[in-house]
$ cat target.cif   # mmCIF, C-alpha atoms
data_final
#
loop_
_atom_site.group_PDB
_atom_site.id
_atom_site.type_symbol
_atom_site.label_atom_id
_atom_site.label_comp_id
_atom_site.auth_asym_id
_atom_site.auth_seq_id
_atom_site.Cartn_x
_atom_site.Cartn_y
_atom_site.Cartn_z
ATOM 1 C CA MET A 1191 2.192 -12.101 -9.151
ATOM 2 C CA SER A 1192 5.293 -9.961 -9.349
ATOM 3 C CA MET A 1193 5.475 -6.644 -11.125
ATOM 4 C CA LYS A 1194 6.175 -6.587 -14.869
ATOM 5 C CA THR A 1195 6.544 -3.723 -17.300
ATOM 6 C CA SER A 1196 6.756 -3.435 -21.056
ATOM 7 C CA THR A 1197 7.085 -0.279 -23.112
ATOM 8 C CA ARG A 1198 5.776 0.845 -26.492
ATOM 9 C CA GLN A 1199 5.927 4.089 -28.428
ATOM 10 C CA VAL A 1200 2.876 5.890 -29.783
ATOM 11 C CA ASP A 1201 3.221 9.348 -31.364
ATOM 12 C CA GLY A 1202 6.244 10.273 -29.303
ATOM 13 C CA VAL A 1203 4.737 9.067 -26.049
ATOM 14 C CA THR A 1204 6.201 6.096 -24.193
ATOM 15 C CA ILE A 1205 3.490 3.903 -22.792
ATOM 16 C CA VAL A 1206 4.602 1.695 -19.913
ATOM 17 C CA ASP A 1207 2.210 -1.217 -19.528
ATOM 18 C CA CYS A 1208 2.435 -2.328 -15.910
ATOM 19 C CA SER A 1209 1.034 -5.531 -14.472
ATOM 20 C CA GLY A 1210 1.110 -7.253 -11.107
ATOM 21 C CA ARG A 1211 1.853 -5.699 -7.742
ATOM 22 C CA ILE A 1212 3.632 -2.419 -7.037
ATOM 23 C CA THR A 1213 4.727 -3.053 -3.483
ATOM 24 C CA LEU A 1214 7.708 -2.629 -1.212
ATOM 25 C CA GLY A 1215 10.717 -4.413 -2.673
ATOM 26 C CA GLU A 1216 10.856 -5.794 -6.169
ATOM 27 C CA GLY A 1217 7.697 -4.176 -7.532
ATOM 28 C CA SER A 1218 8.698 -0.656 -6.576
ATOM 29 C CA VAL A 1219 12.260 -1.165 -7.819
ATOM 30 C CA ILE A 1220 11.073 -2.414 -11.211
ATOM 31 C CA LEU A 1221 8.903 0.669 -11.703
ATOM 32 C CA ARG A 1222 11.701 2.980 -10.554
ATOM 33 C CA ASP A 1223 14.203 1.363 -12.919
ATOM 34 C CA ALA A 1224 11.767 1.488 -15.838
ATOM 35 C CA VAL A 1225 11.183 5.234 -15.428
ATOM 36 C CA ARG A 1226 14.878 5.987 -14.916
ATOM 37 C CA ASP A 1227 15.734 3.963 -18.006
ATOM 38 C CA LEU A 1228 13.297 6.002 -20.102
ATOM 39 C CA LEU A 1229 14.643 9.292 -18.806
ATOM 40 C CA THR A 1230 18.195 8.176 -19.570
ATOM 41 C CA LYS A 1231 17.103 7.587 -23.164
ATOM 42 C CA GLY A 1232 15.533 11.038 -23.300
ATOM 43 C CA GLN A 1233 11.982 9.697 -23.349
ATOM 44 C CA LYS A 1234 10.218 12.188 -21.131
ATOM 45 C CA LYS A 1235 6.591 11.810 -22.188
ATOM 46 C CA ILE A 1236 5.531 8.822 -20.132
ATOM 47 C CA LEU A 1237 2.103 7.244 -19.802
ATOM 48 C CA LEU A 1238 1.890 4.620 -17.057
ATOM 49 C CA ASN A 1239 -0.811 2.121 -17.941
ATOM 50 C CA LEU A 1240 -1.892 0.652 -14.596
ATOM 51 C CA GLY A 1241 -4.818 -1.331 -15.976
ATOM 52 C CA GLU A 1242 -3.280 -4.674 -15.035
ATOM 53 C CA VAL A 1243 -1.932 -3.599 -11.651
ATOM 54 C CA THR A 1244 -3.689 -5.780 -9.114
ATOM 55 C CA TYR A 1245 -2.327 -4.310 -5.899
ATOM 56 C CA ILE A 1246 -0.394 -1.305 -4.682
ATOM 57 C CA ASP A 1247 0.761 -0.524 -1.148
ATOM 58 C CA SER A 1248 2.029 2.676 0.459
ATOM 59 C CA SER A 1249 5.508 2.034 -0.923
ATOM 60 C CA GLY A 1250 4.030 1.674 -4.398
ATOM 61 C CA ILE A 1251 2.133 4.938 -3.953
ATOM 62 C CA GLY A 1252 5.407 6.541 -2.900
ATOM 63 C CA GLU A 1253 7.063 5.151 -6.006
ATOM 64 C CA LEU A 1254 4.384 6.706 -8.228
ATOM 65 C CA VAL A 1255 4.936 10.055 -6.497
ATOM 66 C CA SER A 1256 8.692 9.691 -6.927
ATOM 67 C CA ALA A 1257 8.343 8.843 -10.618
ATOM 68 C CA PHE A 1258 6.021 11.807 -11.169
ATOM 69 C CA THR A 1259 8.385 14.224 -9.420
ATOM 70 C CA THR A 1260 11.494 12.843 -11.123
ATOM 71 C CA VAL A 1261 9.987 13.165 -14.598
ATOM 72 C CA ARG A 1262 8.623 16.659 -13.925
ATOM 73 C CA ASN A 1263 12.008 17.775 -12.586
ATOM 74 C CA GLN A 1264 13.502 16.829 -15.952
ATOM 75 C CA SER A 1265 10.902 18.897 -17.805
ATOM 76 C CA GLY A 1266 8.972 15.806 -18.761
ATOM 77 C CA ASP A 1267 5.451 14.693 -18.049
ATOM 78 C CA LEU A 1268 4.095 11.510 -16.495
ATOM 79 C CA LYS A 1269 0.427 10.594 -16.625
ATOM 80 C CA LEU A 1270 -1.576 7.616 -15.386
ATOM 81 C CA LEU A 1271 -3.898 5.488 -17.502
ATOM 82 C CA ASN A 1272 -6.575 2.882 -16.741
ATOM 83 C CA LEU A 1273 -6.646 2.904 -12.961
ATOM 84 C CA THR A 1274 -8.330 -0.075 -11.375
ATOM 85 C CA LYS A 1275 -10.936 0.674 -8.719
ATOM 86 C CA LYS A 1276 -8.472 -0.291 -5.977
ATOM 87 C CA VAL A 1277 -5.769 2.070 -7.218
ATOM 88 C CA HIS A 1278 -8.325 4.793 -7.924
ATOM 89 C CA ASP A 1279 -9.662 4.557 -4.368
ATOM 90 C CA LEU A 1280 -6.161 4.622 -2.897
ATOM 91 C CA LEU A 1281 -5.254 7.766 -4.814
ATOM 92 C CA GLN A 1282 -8.540 9.345 -3.715
ATOM 93 C CA ILE A 1283 -8.074 8.764 -0.001
ATOM 94 C CA THR A 1284 -4.431 9.880 -0.128
ATOM 95 C CA LYS A 1285 -5.524 13.042 -2.002
ATOM 96 C CA LEU A 1286 -3.169 12.211 -4.858
ATOM 97 C CA TYR A 1287 -5.867 11.699 -7.476
ATOM 98 C CA THR A 1288 -5.912 15.386 -8.318
ATOM 99 C CA VAL A 1289 -2.125 15.622 -8.259
ATOM 100 C CA PHE A 1290 -1.679 13.072 -11.010
ATOM 101 C CA ASP A 1291 -3.077 13.587 -14.478
ATOM 102 C CA VAL A 1292 -5.280 10.507 -14.729
ATOM 103 C CA LYS A 1293 -6.672 9.351 -18.071
ATOM 104 C CA GLU A 1294 -9.182 6.643 -18.986
ATOM 105 C CA ASP A 1295 -8.671 6.522 -22.739
ATOM 106 C CA GLU A 1296 -5.287 5.831 -24.314
ATOM 107 C CA ALA A 1297 -5.846 7.860 -27.472
ATOM 108 C CA VAL A 1298 -7.062 10.865 -25.484
ATOM 109 C CA ALA A 1299 -4.129 10.484 -23.111
ATOM 110 C CA ILE A 1300 -1.600 10.473 -25.952
ATOM 111 C CA LYS A 1301 -3.107 13.583 -27.516
ATOM 112 C CA SER A 1302 -2.941 15.374 -24.159
ATOM 113 C CA PHE A 1303 0.867 15.335 -24.160
ATOM 114 C CA LYS A 1304 2.184 18.559 -25.641
ATOM 115 C CA MET B 65 -18.749 -18.502 15.361
ATOM 116 C CA THR B 66 -16.277 -20.127 17.711
ATOM 117 C CA ASP B 67 -13.626 -17.745 18.966
ATOM 118 C CA GLN B 68 -10.282 -18.519 17.401
ATOM 119 C CA ARG B 69 -6.801 -17.254 18.077
ATOM 120 C CA VAL B 70 -3.628 -17.968 16.148
ATOM 121 C CA SER B 71 -0.218 -16.394 16.517
ATOM 122 C CA TYR B 72 2.991 -16.412 14.532
ATOM 123 C CA THR B 73 6.542 -15.383 15.353
ATOM 124 C CA LEU B 74 8.256 -14.172 12.218
ATOM 125 C CA ASP B 75 11.681 -12.983 11.087
ATOM 126 C CA SER B 76 12.344 -9.347 10.221
ATOM 127 C CA THR B 77 12.284 -9.848 6.475
ATOM 128 C CA LEU B 78 10.261 -8.805 3.452
ATOM 129 C CA GLU B 79 8.980 -12.396 3.273
ATOM 130 C CA THR B 80 7.315 -11.766 6.622
ATOM 131 C CA VAL B 81 5.429 -8.827 5.118
ATOM 132 C CA ASP B 82 4.055 -11.001 2.311
ATOM 133 C CA SER B 83 3.299 -13.833 4.715
ATOM 134 C CA ALA B 84 1.420 -11.517 7.090
ATOM 135 C CA GLU B 85 -0.633 -10.137 4.216
ATOM 136 C CA ASN B 86 -1.484 -13.583 2.858
ATOM 137 C CA THR B 87 -2.441 -14.900 6.282
ATOM 138 C CA ALA B 88 -4.632 -11.858 6.921
ATOM 139 C CA THR B 89 -6.370 -12.391 3.589
ATOM 140 C CA ARG B 90 -7.093 -16.033 4.382
ATOM 141 C CA ILE B 91 -8.395 -15.352 7.882
ATOM 142 C CA ALA B 92 -10.524 -12.395 6.744
ATOM 143 C CA VAL B 93 -12.149 -14.558 4.057
ATOM 144 C CA GLU B 94 -12.798 -17.301 6.596
ATOM 145 C CA ALA B 95 -14.355 -14.732 8.948
ATOM 146 C CA GLY B 96 -16.888 -13.822 6.279
ATOM 147 C CA PHE B 97 -15.686 -10.401 5.171
ATOM 148 C CA GLY B 98 -16.525 -9.201 1.669
ATOM 149 C CA GLU B 99 -13.986 -8.615 -1.076
ATOM 150 C CA ASP B 100 -13.441 -4.916 -0.359
ATOM 151 C CA GLU B 101 -13.058 -5.459 3.374
ATOM 152 C CA VAL B 102 -10.680 -8.373 2.838
ATOM 153 C CA MET B 103 -8.506 -6.075 0.730
ATOM 154 C CA GLN B 104 -8.630 -3.386 3.405
ATOM 155 C CA ILE B 105 -7.691 -5.809 6.176
ATOM 156 C CA SER B 106 -4.880 -7.405 4.188
ATOM 157 C CA MET B 107 -3.465 -4.017 3.233
ATOM 158 C CA ALA B 108 -3.664 -2.725 6.816
ATOM 159 C CA VAL B 109 -1.817 -5.815 8.042
ATOM 160 C CA ARG B 110 0.749 -5.467 5.264
ATOM 161 C CA GLU B 111 1.412 -1.826 6.205
ATOM 162 C CA ALA B 112 1.697 -2.702 9.896
ATOM 163 C CA ALA B 113 4.078 -5.535 9.066
ATOM 164 C CA VAL B 114 6.186 -3.199 6.924
ATOM 165 C CA ASN B 115 6.435 -0.794 9.851
ATOM 166 C CA ALA B 116 7.430 -3.614 12.198
ATOM 167 C CA VAL B 117 10.074 -5.082 9.895
ATOM 168 C CA LEU B 118 11.566 -1.857 8.514
ATOM 169 C CA HIS B 119 11.046 0.875 11.058
ATOM 170 C CA GLY B 120 10.685 -1.207 14.220
ATOM 171 C CA ASN B 121 13.140 -4.036 13.902
ATOM 172 C CA ALA B 122 15.136 -2.452 11.056
ATOM 173 C CA TYR B 123 15.671 -5.883 9.425
ATOM 174 C CA ASP B 124 17.624 -6.993 12.538
ATOM 175 C CA PRO B 125 17.852 -10.808 12.264
ATOM 176 C CA GLY B 126 17.928 -11.036 16.053
ATOM 177 C CA LYS B 127 14.542 -9.366 16.389
ATOM 178 C CA LYS B 128 11.177 -10.949 15.680
ATOM 179 C CA VAL B 129 7.736 -9.814 14.648
ATOM 180 C CA LYS B 130 4.811 -11.333 16.516
ATOM 181 C CA LEU B 131 1.543 -11.514 14.644
ATOM 182 C CA GLU B 132 -1.713 -12.571 16.288
ATOM 183 C CA PHE B 133 -5.210 -12.983 14.897
ATOM 184 C CA GLU B 134 -8.238 -13.327 17.131
ATOM 185 C CA THR B 135 -11.632 -13.930 15.570
ATOM 186 C CA THR B 136 -14.774 -13.575 17.647
ATOM 187 C CA SER B 137 -18.413 -13.334 16.669
ATOM 188 C CA ARG B 138 -18.095 -9.555 16.660
ATOM 189 C CA ASP B 139 -14.550 -8.667 15.654
ATOM 190 C CA LEU B 140 -11.397 -9.648 13.878
ATOM 191 C CA VAL B 141 -8.577 -8.379 16.085
ATOM 192 C CA ILE B 142 -5.037 -8.387 14.726
ATOM 193 C CA THR B 143 -2.020 -7.543 16.840
ATOM 194 C CA ILE B 144 1.432 -6.901 15.386
ATOM 195 C CA ARG B 145 4.331 -6.443 17.763
ATOM 196 C CA ASP B 146 7.950 -5.590 16.994
ATOM 197 C CA GLN B 147 11.082 -5.371 19.137
ATOM 198 C CA GLY B 148 12.250 -1.942 18.057
ATOM 199 C CA LYS B 149 12.733 1.286 19.963
ATOM 200 C CA GLY B 150 9.079 2.200 19.956
ATOM 201 C CA MET B 151 7.252 4.456 17.519
ATOM 202 C CA ASP B 152 5.671 7.684 18.731
ATOM 203 C CA PRO B 153 2.414 8.002 16.778
ATOM 204 C CA ALA B 154 2.185 11.679 17.708
ATOM 205 C CA LYS B 155 5.297 12.361 15.646
ATOM 206 C CA ILE B 156 3.926 10.899 12.437
ATOM 207 C CA PRO B 157 3.291 13.755 9.991
ATOM 208 C CA ASP B 158 -0.143 14.101 8.396
ATOM 209 C CA PRO B 159 0.330 12.737 4.849
ATOM 210 C CA LEU B 160 -2.636 14.794 3.632
ATOM 211 C CA ALA B 161 -1.078 18.109 4.652
ATOM 212 C CA PRO B 162 -0.090 20.100 1.562
ATOM 213 C CA GLU B 163 3.570 20.128 2.573
ATOM 214 C CA ASN B 164 3.576 16.305 2.846
ATOM 215 C CA LEU B 165 1.411 15.394 -0.118
ATOM 216 C CA MET B 166 4.322 14.772 -2.486
ATOM 217 C CA LYS B 167 6.461 12.882 -0.003
ATOM 218 C CA THR B 168 7.380 9.379 -1.085
ATOM 219 C CA SER B 169 6.719 7.773 2.307
ATOM 220 C CA GLY B 170 4.699 8.237 5.476
ATOM 221 C CA ARG B 171 1.286 6.950 4.381
ATOM 222 C CA GLY B 172 1.285 3.534 6.093
ATOM 223 C CA ILE B 173 -0.366 4.454 9.401
ATOM 224 C CA PHE B 174 -2.824 6.716 7.580
ATOM 225 C CA LEU B 175 -3.925 3.830 5.352
ATOM 226 C CA ILE B 176 -4.216 1.516 8.355
ATOM 227 C CA ARG B 177 -6.473 4.025 10.129
ATOM 228 C CA SER B 178 -8.512 4.481 6.945
ATOM 229 C CA PHE B 179 -9.136 0.777 6.488
ATOM 230 C CA MET B 180 -9.775 -0.490 10.020
ATOM 231 C CA ASP B 181 -12.602 0.269 12.455
ATOM 232 C CA GLU B 182 -10.276 0.691 15.428
ATOM 233 C CA VAL B 183 -6.505 1.177 15.624
ATOM 234 C CA GLN B 184 -4.505 1.285 18.835
ATOM 235 C CA ILE B 185 -0.766 1.957 18.869
ATOM 236 C CA HIS B 186 1.136 1.122 22.022
ATOM 237 C CA PRO B 187 4.805 2.139 21.846
ATOM 238 C CA SER B 188 7.293 1.148 24.526
ATOM 239 C CA GLN B 189 11.042 0.999 24.931
ATOM 240 C CA THR B 190 10.950 -2.676 23.989
ATOM 241 C CA GLY B 191 8.914 -2.266 20.838
ATOM 242 C CA THR B 192 5.653 -1.142 19.344
ATOM 243 C CA GLU B 193 2.373 -3.030 19.450
ATOM 244 C CA ILE B 194 -0.350 -2.093 17.034
ATOM 245 C CA LYS B 195 -3.833 -3.532 17.417
ATOM 246 C CA LEU B 196 -6.203 -3.495 14.462
ATOM 247 C CA VAL B 197 -9.918 -4.184 14.806
ATOM 248 C CA LYS B 198 -12.447 -4.834 12.049
ATOM 249 C CA HIS B 199 -16.039 -5.548 12.976
ATOM 250 C CA VAL B 200 -17.309 -8.817 11.569
ATOM 251 C CA PRO B 201 -20.180 -8.420 9.109
ATOM 252 C CA GLY B 202 -23.528 -10.074 9.728
ATOM 253 C CA PRO B 203 -26.275 -9.990 12.347
ATOM 254 C CA SER B 204 -24.024 -10.773 15.305
ATOM 255 C CA GLY B 205 -21.198 -8.522 14.168
ATOM 256 C CA GLY B 206 -20.858 -4.789 14.597
ATOM 257 C CA ALA B 207 -20.102 -4.040 10.984
ATOM 258 C CA LYS B 208 -20.462 -0.516 9.743
ATOM 259 C CA GLU B 209 -21.127 0.585 6.210
ATOM 260 C CA ALA B 210 -17.988 0.659 4.071
ATOM 261 C CA SER B 211 -16.835 4.227 3.770
ATOM 262 C CA GLN B 212 -14.991 3.764 0.475
#

$ encode --input "target.cif" --output "structure tokens"
Amino acid sequence: MSMKTSTRQVDGVTIVDCSGRITLGEGSVILRDAVRDLLTKGQKKILLNLGEVTYIDSSGIGELVSAFTTVRNQSGDLKLLNLTKKVHDLLQITKLYTVFDVKEDEAVAIKSFK
Amino acid sequence: MTDQRVSYTLDSTLETVDSAENTATRIAVEAGFGEDEVMQISMAVREAAVNAVLHGNAYDPGKKVKLEFETTSRDLVITIRDQGKGMDPAKIPDPLAPENLMKTSGRGIFLIRSFMDEVQIHPSQTGTEIKLVKHVPGPSGGAKEASQ
């Protein structure tokens, strides 16, 4: 299953619902383009919903780091929502879990954006 | 279990990466590994294949990736060989070091080591060979408790 994204707005926060695989090639490019597109439109409060992401490799992890850094560098904020166990474990062993702001509840996540 | 060995010679393309991962998944399931271990094996093979295609062979259509699976009663042994210039594992930065934590690449070998029971990297001037070992679960295997 290839990577797909769709976006929706809730209280000034752009939620990016991601599904499929974030891997080297198409999956990583789709995520990168989606984040860049939002920043171009001035939408800098971004919540990546990874609840339907079935697989992520080291390139996908790198893409999450890149998205996080890119958004922060533009004075925005990017948070992660609904990690699957696989993605959660990957972020734990790569010590990135504490770098990202990870949320489990969408409403709580939206309120956490300033 | 009867010892089995299969090998594939693959092009230096992204399709090879997906193919290697899918083949690893199938063979790991057939060898009796559980869901978590199958994911670990398939991801380790995917990362090794990425290294072979991108960093080893650099997508050179004249260079091939050789992939070999050997299943015994004790181990699943996977060997991935490229035809690149040879990777020096000593020069791979620690991705967990604070100065590397936010880098966008450099986690492949770390993940491979995290997921497999044994990892051997043999670089040479004619390419790099990486050997991945996962102990087969069950009474005759040498499986260890999952660390995840």

$ atom_distance --input "target.cif" --atom1 "CA of Ala1224 (chain A)" --atom2 "CA of Lys1276 (chain A)"
22.6 Å

$ interface_residues --input "target.cif" --of "chain A" --to "chain B" --cutoff "10 Å" --atoms "only C-alpha atoms" --output "number ranges by chain"
A: 1213-1215, 1245-1259, 1276, 1279-1280, 1282-1286, 1289

$ write_last_selection --input "target.cif" --atoms "C-alpha atoms" --output "PDB file, in the coordinates of the input"
ATOM      1  CA  THR A1213       4.727  -3.053  -3.483  1.00  0.00           C
ATOM      2  CA  LEU A1214       7.708  -2.629  -1.212  1.00  0.00           C
ATOM      3  CA  GLY A1215      10.717  -4.413  -2.673  1.00  0.00           C
ATOM      4  CA  TYR A1245      -2.327  -4.310  -5.899  1.00  0.00           C
ATOM      5  CA  ILE A1246      -0.394  -1.305  -4.682  1.00  0.00           C
ATOM      6  CA  ASP A1247       0.761  -0.524  -1.148  1.00  0.00           C
ATOM      7  CA  SER A1248       2.029   2.676   0.459  1.00  0.00           C
ATOM      8  CA  SER A1249       5.508   2.034  -0.923  1.00  0.00           C
ATOM      9  CA  GLY A1250       4.030   1.674  -4.398  1.00  0.00           C
ATOM     10  CA  ILE A1251       2.133   4.938  -3.953  1.00  0.00           C
ATOM     11  CA  GLY A1252       5.407   6.541  -2.900  1.00  0.00           C
ATOM     12  CA  GLU A1253       7.063   5.151  -6.006  1.00  0.00           C
ATOM     13  CA  LEU A1254       4.384   6.706  -8.228  1.00  0.00           C
ATOM     14  CA  VAL A1255       4.936  10.055  -6.497  1.00  0.00           C
ATOM     15  CA  SER A1256       8.692   9.691  -6.927  1.00  0.00           C
ATOM     16  CA  ALA A1257       8.343   8.843 -10.618  1.00  0.00           C
ATOM     17  CA  PHE A1258       6.021  11.807 -11.169  1.00  0.00           C
ATOM     18  CA  THR A1259       8.385  14.224  -9.420  1.00  0.00           C
ATOM     19  CA  LYS A1276      -8.472  -0.291  -5.977  1.00  0.00           C
ATOM     20  CA  ASP A1279      -9.662   4.557  -4.368  1.00  0.00           C
ATOM     21  CA  LEU A1280      -6.161   4.622  -2.897  1.00  0.00           C
ATOM     22  CA  GLN A1282      -8.540   9.345  -3.715  1.00  0.00           C
ATOM     23  CA  ILE A1283      -8.074   8.764  -0.001  1.00  0.00           C
ATOM     24  CA  THR A1284      -4.431   9.880  -0.128  1.00  0.00           C
ATOM     25  CA  LYS A1285      -5.524  13.042  -2.002  1.00  0.00           C
ATOM     26  CA  LEU A1286      -3.169  12.211  -4.858  1.00  0.00           C
ATOM     27  CA  VAL A1289      -2.125  15.622  -8.259  1.00  0.00           C
TER      28      VAL A1289
END

$ residues_around --input "target.cif" --residues "Thr1244 (chain A)" --least-positions-apart "6" --cutoff "8 Å" --atoms "all atoms listed in the file" --output "PyMOL selection string"
chain A and resi 1209-1211+1274+1276

$ residues_around --input "target.cif" --residues "Thr77 (chain B)" --least-positions-apart "5" --cutoff "12 Å" --atoms "all atoms listed in the file" --output "list in words"
Leu1214 and Gly1215 of chain A; Asp82, Ser83, Ala84, Ala113, Val114, Asn115, Ala116, Val117, Leu118, His119, Gly120, Asn121, Ala122, Tyr123, Asp124, Pro125, Gly126, Lys127, Lys128 and Val129 of chain B

$ resolve_selection --input "target.cif" --expression "the PyMOL selection byres ((chain A and resi 1294) around 8)" --output "PyMOL selection string"
chain A and resi 1271-1273+1292-1293+1295-1296+1299

$ resolve_selection --input "target.cif" --expression "the PyMOL selection byres ((chain B and resi 95) around 9)" --output "compact mmCIF listing (two decimals) with C-alpha atoms, keeping the file's coordinate frame"
# COMPACT_ATOMS: atom_id res chain seq x y z
CA MET B 65 -18.75 -18.50 15.36
CA ARG B 90 -7.09 -16.03 4.38
CA ILE B 91 -8.40 -15.35 7.88
CA ALA B 92 -10.52 -12.40 6.74
CA VAL B 93 -12.15 -14.56 4.06
CA GLU B 94 -12.80 -17.30 6.60
CA GLY B 96 -16.89 -13.82 6.28
CA PHE B 97 -15.69 -10.40 5.17
CA THR B 135 -11.63 -13.93 15.57
CA THR B 136 -14.77 -13.58 17.65
CA SER B 137 -18.41 -13.33 16.67
CA LEU B 140 -11.40 -9.65 13.88
CA VAL B 200 -17.31 -8.82 11.57
CA PRO B 201 -20.18 -8.42 9.11

$ atom_distance --input "target.cif" --atom1 "CA of Ile1205 (chain A)" --atom2 "CA of Thr1260 (chain A)"
16.7 Å

$ atom_distance --input "target.cif" --atom1 "CA of Leu131 (chain B)" --atom2 "CA of Gly148 (chain B)"
14.8 Å
